[in-house]
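A.B. asks: Questions regarding the structure given below will be posed in turn.
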Amino acid sequence: QLQLVESGGGLVQPGGSLRLSCAASGFTLDYYAIGWFRQAPGKEREGVSCISSSDGSTYYAHSVKGRFTISRDNAKNTVYLQMNSLKPEDTAVYYCAALMKGPYSDYVSPAWDDYDYWGQGTQVTVSS
């Protein structure tokens with residue numbers, strides 16, 4: 001069974017850091033671009049960051065550029081999102097998603113409807 005599981009969310013004060021993990025089971029992430037998305041109550045789903053299957057290309061939304069870093073460890077079948085200098089407006093449920101592109105693709109996409117598989121989400125709350 002193909003599955004993505006996010007972890008690492010929680011409550012953090014403004015200016016703090018969290019690292020989200022997206023672990024895959026039932027398939028290997030080598031063939032997939034991975035995206036992180038978030039959705040706050042009453043707002044549309046937003047593409048936050050994504051990384052190509054080749055590990056050669058990344059995308060960051062303007063709102064997180066310079067604060068968030070996406071990385072992948074194919075040996076652990078896991079993708080990470082390091083989030084620093086967190087702000088209250090980063091509060092949302094964060095989802096990871098996988099897009100099948102083959103192992104050497106530089107393709108990245110912030111469009112949620114491009115993606116094939118989704119995790120269940122992890123809550124991130126930034127509040128003092």
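Chain labels run A, B, ... following the order of the structure tokens; each chain numbers its residues from 1, and ligands are numbered from 1 in the order shown.
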Pull the strand (DSSP E or B) assignments for chain A out of DSSP run on the backbone, and list those residues as number ranges by chain.
C.D. replies: A: 3-7, 10-12, 18-25, 32-39, 46-51, 58-60, 68-73, 78-83, 92-100, 117-118, 122-126
A.B. asks: Neighbours of Asp113 of chain A within 12 Å (only C-alpha atoms; same-chain residues fewer than 2 positions away dropped), as a PyMOL selection string?
C.D. replies: chain A and resi 35+37+45-47+97-99+109-111+115-118
A.B. asks: Please produce a file of the residues just selected, as a CSV table (one decimal), in the first residue's frame, where the atoms kept are C-alpha atoms.
C.D. replies:
```
chain,number,residue,atom,x,y,z
A,35,GLY,CA,6.0,18.8,-2.7
A,37,PHE,CA,1.7,22.2,0.8
A,45,ARG,CA,-4.2,25.1,-0.3
A,46,GLU,CA,-0.8,26.7,-1.0
A,47,GLY,CA,2.3,25.2,-2.5
A,97,ALA,CA,2.7,14.9,-1.8
A,98,ALA,CA,4.4,12.8,-4.4
A,99,LEU,CA,4.5,13.3,-8.2
A,109,SER,CA,5.5,22.0,-9.4
A,110,PRO,CA,3.7,24.1,-6.8
A,111,ALA,CA,0.3,23.1,-8.3
A,115,TYR,CA,0.4,15.4,-7.5
A,116,ASP,CA,-0.5,11.7,-7.3
A,117,TYR,CA,-0.2,10.7,-3.6
A,118,TRP,CA,-0.9,12.7,-0.4
```
A.B. asks: Of the candidates A:Tyr60, A:Ser25, A:Met100, A:Lys43, which one gets nearest to Met83 of chain A if we count only C-alpha atoms?
C.D. replies: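 Checking each candidate against Met83 of chain A, we get A:Tyr60 as the closest.
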A.B. asks: Which of these residues is nearest to Ala33 of chain A, using only C-alpha atoms: A:Leu18, A:Ile51, A:Tyr95, A:Leu81?
C.D. replies: A:Ile51
A.B. asks: Please compute the atom CA of Gly26 of chain A-atom CA of Ile70 of chain A distance, one decimal, in Å.
C.D. replies: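 Taking atom CA of Gly26 of chain A as the start and atom CA of Ile70 of chain A as the end point, the length is 22.1 Å.
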A.B. asks: Could you pull the residues within 12 Å of Gly56 of chain A, counting only C-alpha atoms, minus those fewer than 4 positions along the same chain, as a ChimeraX atom specification?
C.D. replies: /A:33,50-52,70-72,103-108
A.B. asks: Hey, which of A:Gly10, A:Ser53, A:Ile34, A:Ala40 ends up closest to Asp114 of chain A? Count only C-alpha atoms.
C.D. replies: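 Smallest separation from Asp114 of chain A among the options: A:Ile34.
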A.B. asks: Counting only C-alpha atoms, which residue out of A:Lys101, A:Tyr94, A:Gln120, A:Ser63 sits closest to Pro41 of chain A?
C.D. replies: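 Ranked by minimum distance to Pro41 of chain A, first place goes to A:Tyr94.
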A.B. asks: Between A:Tyr59, A:Thr125, A:Tyr80, A:Phe68, which is the closest to Val5 of chain A once you count only C-alpha atoms?
C.D. replies: A:Tyr80
A.B. asks: I'd like the contact shell of Ser17 of chain A - 7 Å cut-off, only C-alpha atoms, skipping same-chain residues fewer than 2 positions apart - returned as a list in words.
C.D. replies: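 The contact residues come out as Gly15, Arg19, Met83, Asn84, Ser85 and Leu86 of chain A.
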A.B. asks: Taking only C-alpha atoms into account, name the residue in A:Gln13, A:Ser49, A:Gln1, A:Gln39 that is nearest to Gly121 of chain A.
C.D. replies: A:Gln39
